[in-house]
file data02.txt (compact mmCIF, C-alpha atoms)
# COMPACT_ATOMS: atom_id res chain seq x y z
CA MET Y 68 -4.35 1.73 3.13
CA PHE Y 69 -3.44 4.64 0.84
CA ALA Y 70 -5.78 3.33 -1.86
CA LEU Y 71 -8.61 3.09 0.68
CA ALA Y 72 -8.02 6.61 1.99
CA ASN Y 73 -7.65 7.98 -1.55
CA GLY Y 74 -10.91 6.26 -2.49
CA LEU Y 75 -12.72 8.01 0.36
CA ALA Y 76 -11.32 11.35 -0.78
CA ARG Y 77 -11.96 10.75 -4.49
CA THR Y 78 -15.61 9.89 -3.90
CA GLY Y 79 -16.16 12.95 -1.70
CA LEU Y 80 -16.89 10.99 1.47
CA LEU Y 81 -14.42 12.86 3.70
CA ASN Y 82 -15.58 15.84 5.74
CA SER Y 83 -13.80 19.15 5.10
CA GLN Y 84 -11.33 18.72 7.97
CA ASP Y 85 -10.37 15.21 6.87
CA THR Y 86 -10.14 16.33 3.23
CA ALA Y 87 -7.61 19.01 4.20
CA TRP Y 88 -5.67 16.55 6.39
CA HIS Y 89 -5.66 13.91 3.64
CA ARG Y 90 -4.26 16.29 1.01
CA SER Y 91 -1.56 17.49 3.41
CA ALA Y 92 -0.70 13.94 4.55
CA ASN Y 93 -0.47 12.72 0.96
CA ASP Y 94 1.83 15.63 0.10
CA ARG Y 95 4.08 14.75 3.08
CA GLY Y 96 4.08 11.08 2.14
CA ASN Y 97 4.91 11.84 -1.49
CA ALA Y 98 7.87 13.91 -0.30
CA MET Y 99 9.05 11.06 1.96
CA HIS Y 100 9.08 8.26 -0.60
CA THR Y 101 8.88 7.55 -4.31
CA ASP Y 102 5.58 6.65 -5.89
CA PRO Y 103 6.54 3.32 -7.52
CA THR Y 104 4.44 4.11 -10.62
CA THR Y 105 6.70 7.08 -11.41
CA VAL Y 106 9.61 4.65 -11.81
CA ASP Y 107 7.74 1.64 -13.22
CA PRO Y 108 4.26 2.52 -14.48
CA ASP Y 109 3.45 -1.19 -14.86
CA CYS Y 110 4.37 -2.32 -11.32
CA TYR Y 111 0.67 -2.60 -10.38
CA ASP Y 112 -0.57 -3.69 -13.82
CA PRO Y 113 -3.48 -6.10 -13.13
CA VAL Y 114 -2.62 -8.30 -16.12
CA LEU Y 115 1.16 -8.46 -15.67
CA HIS Y 116 1.08 -8.37 -11.86
CA PRO Y 117 -2.36 -9.40 -10.58
CA GLY Y 118 -2.94 -8.41 -6.98
CA ALA Y 119 0.31 -6.42 -6.65
CA ARG Y 120 0.45 -4.50 -3.38
CA ALA Y 121 2.94 -2.14 -1.76
CA TRP Y 122 4.84 -2.97 1.42
CA PHE Y 123 6.98 -0.68 3.55
CA ARG Y 124 10.19 -2.22 4.78
CA ALA Y 125 10.44 -2.72 8.55
CA SER Y 126 13.40 -0.31 8.53
CA SER Y 127 11.16 2.48 7.18
CA VAL Y 128 10.14 3.56 10.67
CA GLU Y 129 9.15 7.13 9.76
CA LEU Y 130 6.85 5.92 6.97
CA LEU Y 131 5.35 3.20 9.14
CA ASP Y 132 4.68 5.76 11.88
CA MET Y 133 2.93 7.97 9.31
CA THR Y 134 0.45 5.18 8.52
CA ARG Y 135 -1.15 5.39 11.98
CA ALA Y 136 -3.05 8.56 11.08
CA TYR Y 137 -4.30 6.96 7.84
CA LEU Y 138 -5.56 3.97 9.81
CA ASP Y 139 -7.31 6.31 12.24
CA LEU Y 140 -9.00 7.98 9.24
CA LEU Y 141 -10.18 4.60 7.93
CA ASP Y 142 -11.52 3.74 11.38
CA ARG Y 143 -13.49 7.00 11.57
CA TYR Y 144 -15.22 6.16 8.29
CA GLY Y 145 -15.84 2.49 9.11
CA VAL Y 146 -13.44 1.15 6.49
CA GLY Y 147 -12.00 -2.22 7.50
CA TRP Y 148 -8.30 -2.89 7.29
CA VAL Y 149 -5.87 -5.63 8.32
CA GLU Y 150 -2.22 -5.21 9.28
CA LEU Y 151 0.02 -7.67 7.47
CA ARG Y 152 3.69 -8.29 8.11
CA THR Y 153 5.85 -10.66 6.13
CA ALA Y 154 9.45 -11.41 5.26
CA SER Y 155 8.37 -12.73 1.86
CA PRO Y 156 5.66 -10.60 0.23
CA GLY Y 157 5.79 -12.49 -3.06
CA ARG Y 158 7.14 -11.78 -6.53
CA ILE Y 159 8.71 -8.31 -6.46
CA THR Y 160 7.66 -5.94 -9.26
CA TYR Y 161 9.37 -2.83 -7.82
CA GLU Y 162 11.66 -2.09 -4.90
CA ASP Y 163 13.69 0.70 -3.40
CA ALA Y 164 15.27 1.47 -0.03
CA VAL Y 165 11.97 1.97 1.83
CA GLN Y 166 9.37 -0.17 0.04
CA CYS Y 167 8.55 -2.85 -2.44
CA VAL Y 168 5.58 -3.77 -4.61
CA ALA Y 169 4.91 -7.48 -4.84
CA VAL Y 170 2.42 -9.97 -6.23
CA PRO Y 171 1.38 -12.09 -3.25
CA PRO Y 172 1.72 -15.84 -3.47
CA THR Y 173 -2.05 -16.23 -3.82
CA PHE Y 174 -1.85 -16.49 -7.56
CA GLU Y 175 -1.06 -20.01 -8.69
CA GLU Y 176 1.89 -19.07 -10.90
CA ASP Y 177 3.50 -17.17 -8.01
CA TRP Y 178 2.96 -19.76 -5.28
CA PRO Y 179 6.43 -21.03 -4.37
CA TRP Y 180 5.34 -24.26 -2.71
CA PRO Y 181 4.09 -27.51 -4.25
CA GLN Y 182 0.34 -27.63 -4.74
CA PRO Y 183 -1.58 -30.44 -2.99
CA SER Y 184 -2.70 -33.17 -5.32
call {"tool": "encode", "arguments": {"input": "data02.txt", "output": "structure tokens"}}
result
Amino acid sequence: MFALANGLARTGLLNSQDTAWHRSANDRGNAMHTDPTTVDPDCYDPVLHPGARAWFRASSVELLDMTRAYLDLLDRYGVGWVELRTASPGRITYEDAVQCVAVPPTFEEDWPWPQPS
């Protein structure tokens, strides 16, 4: 969701009001939680951790509430999104009290269950 919103901003697709909101919202979000790449620059590395994605913990209510406005922004610009919830996001590459980054079990080497023959 953040990557999608940041992509809209980076490519200049947001109107001036949404650009101002986005900058302010990102500043608030950065103050509320750690950017995982500042602790582990490789946590999203596409070679080491293909498909790694961030997840907020269910206990991170304030951060989860903050995402609603980002989803509204994506809706306004016709950017599709899907809400995912899981107790097992995959192989963890970074974690702290409010979030984790994980490689989902869609990559063969990370799939924890036997493969069909």
call {"tool": "residues_around", "arguments": {"input": "data02.txt", "residues": "Val106 (chain Y)", "least_positions_apart": "4", "cutoff": "10 Å", "atoms": "all atoms listed in the file", "output": "list in words"}}
result
Thr101, Asp102, Cys110, Tyr161 and Glu162 of chain Y
call {"tool": "residues_around", "arguments": {"input": "data02.txt", "residues": "Arg152 (chain Y)", "least_positions_apart": "4", "cutoff": "12 Å", "atoms": "only C-alpha atoms", "output": "VMD selection string"}}
result
chain Y and resid 121 to 125 131 156
call {"tool": "residues_around", "arguments": {"input": "data02.txt", "residues": "Ile159 (chain Y)", "least_positions_apart": "2", "cutoff": "7 Å", "atoms": "all atoms listed in the file", "output": "list in words"}}
result
Gly157, Tyr161, Cys167, Val168, Ala169 and Val170 of chain Y
call {"tool": "write_last_selection", "arguments": {"input": "data02.txt", "atoms": "C-alpha atoms", "output": "compact mmCIF listing (two decimals), in the coordinates of the input"}}
result
# COMPACT_ATOMS: atom_id res chain seq x y z
CA GLY Y 157 5.79 -12.49 -3.06
CA TYR Y 161 9.37 -2.83 -7.82
CA CYS Y 167 8.55 -2.85 -2.44
CA VAL Y 168 5.58 -3.77 -4.61
CA ALA Y 169 4.91 -7.48 -4.84
CA VAL Y 170 2.42 -9.97 -6.23
call {"tool": "atom_distance", "arguments": {"input": "data02.txt", "atom1": "CA of Ala164 (chain Y)", "atom2": "CA of Leu75 (chain Y)"}}
result
28.7 Å
call {"tool": "residues_around", "arguments": {"input": "data02.txt", "residues": "Asp109 (chain Y)", "least_positions_apart": "4", "cutoff": "12 Å", "atoms": "only C-alpha atoms", "output": "list in words"}}
result
Pro103, Thr104, Thr105, Pro113, Val114, Leu115, His116, Pro117, Ala119, Thr160, Tyr161, Val168 and Ala169 of chain Y
call {"tool": "atom_distance", "arguments": {"input": "data02.txt", "atom1": "CA of Arg90 (chain Y)", "atom2": "CA of Ala72 (chain Y)"}}
result
10.4 Å
call {"tool": "closest_residue", "arguments": {"input": "data02.txt", "among": "Y:Val165, Y:Ser91, Y:Pro172, Y:Leu71", "to": "Glu129 (chain Y)", "atoms": "all atoms listed in the file"}}
result
Y:Val165
call {"tool": "atom_distance", "arguments": {"input": "data02.txt", "atom1": "CA of Leu81 (chain Y)", "atom2": "CA of Met68 (chain Y)"}}
result
15.0 Å
call {"tool": "closest_residue", "arguments": {"input": "data02.txt", "among": "Y:Thr86, Y:Asp94, Y:Asp163, Y:Tyr111", "to": "Ser127 (chain Y)", "atoms": "all atoms listed in the file"}}
result
Y:Asp163
call {"tool": "closest_residue", "arguments": {"input": "data02.txt", "among": "Y:Asp112, Y:Asp107, Y:Asp132, Y:Asp139", "to": "His89 (chain Y)", "atoms": "only C-alpha atoms"}}
result
Y:Asp139
call {"tool": "closest_residue", "arguments": {"input": "data02.txt", "among": "Y:Leu138, Y:Trp148, Y:Arg143, Y:Arg95", "to": "Asn82 (chain Y)", "atoms": "all atoms listed in the file"}}
result
Y:Arg143
call {"tool": "closest_residue", "arguments": {"input": "data02.txt", "among": "Y:Thr78, Y:Ser83, Y:Asn93, Y:Thr153", "to": "Thr134 (chain Y)", "atoms": "all atoms listed in the file"}}
result
Y:Asn93
call {"tool": "closest_residue", "arguments": {"input": "data02.txt", "among": "Y:Gly79, Y:Gly74, Y:Leu151, Y:Arg135", "to": "Arg120 (chain Y)", "atoms": "all atoms listed in the file"}}
result
Y:Leu151
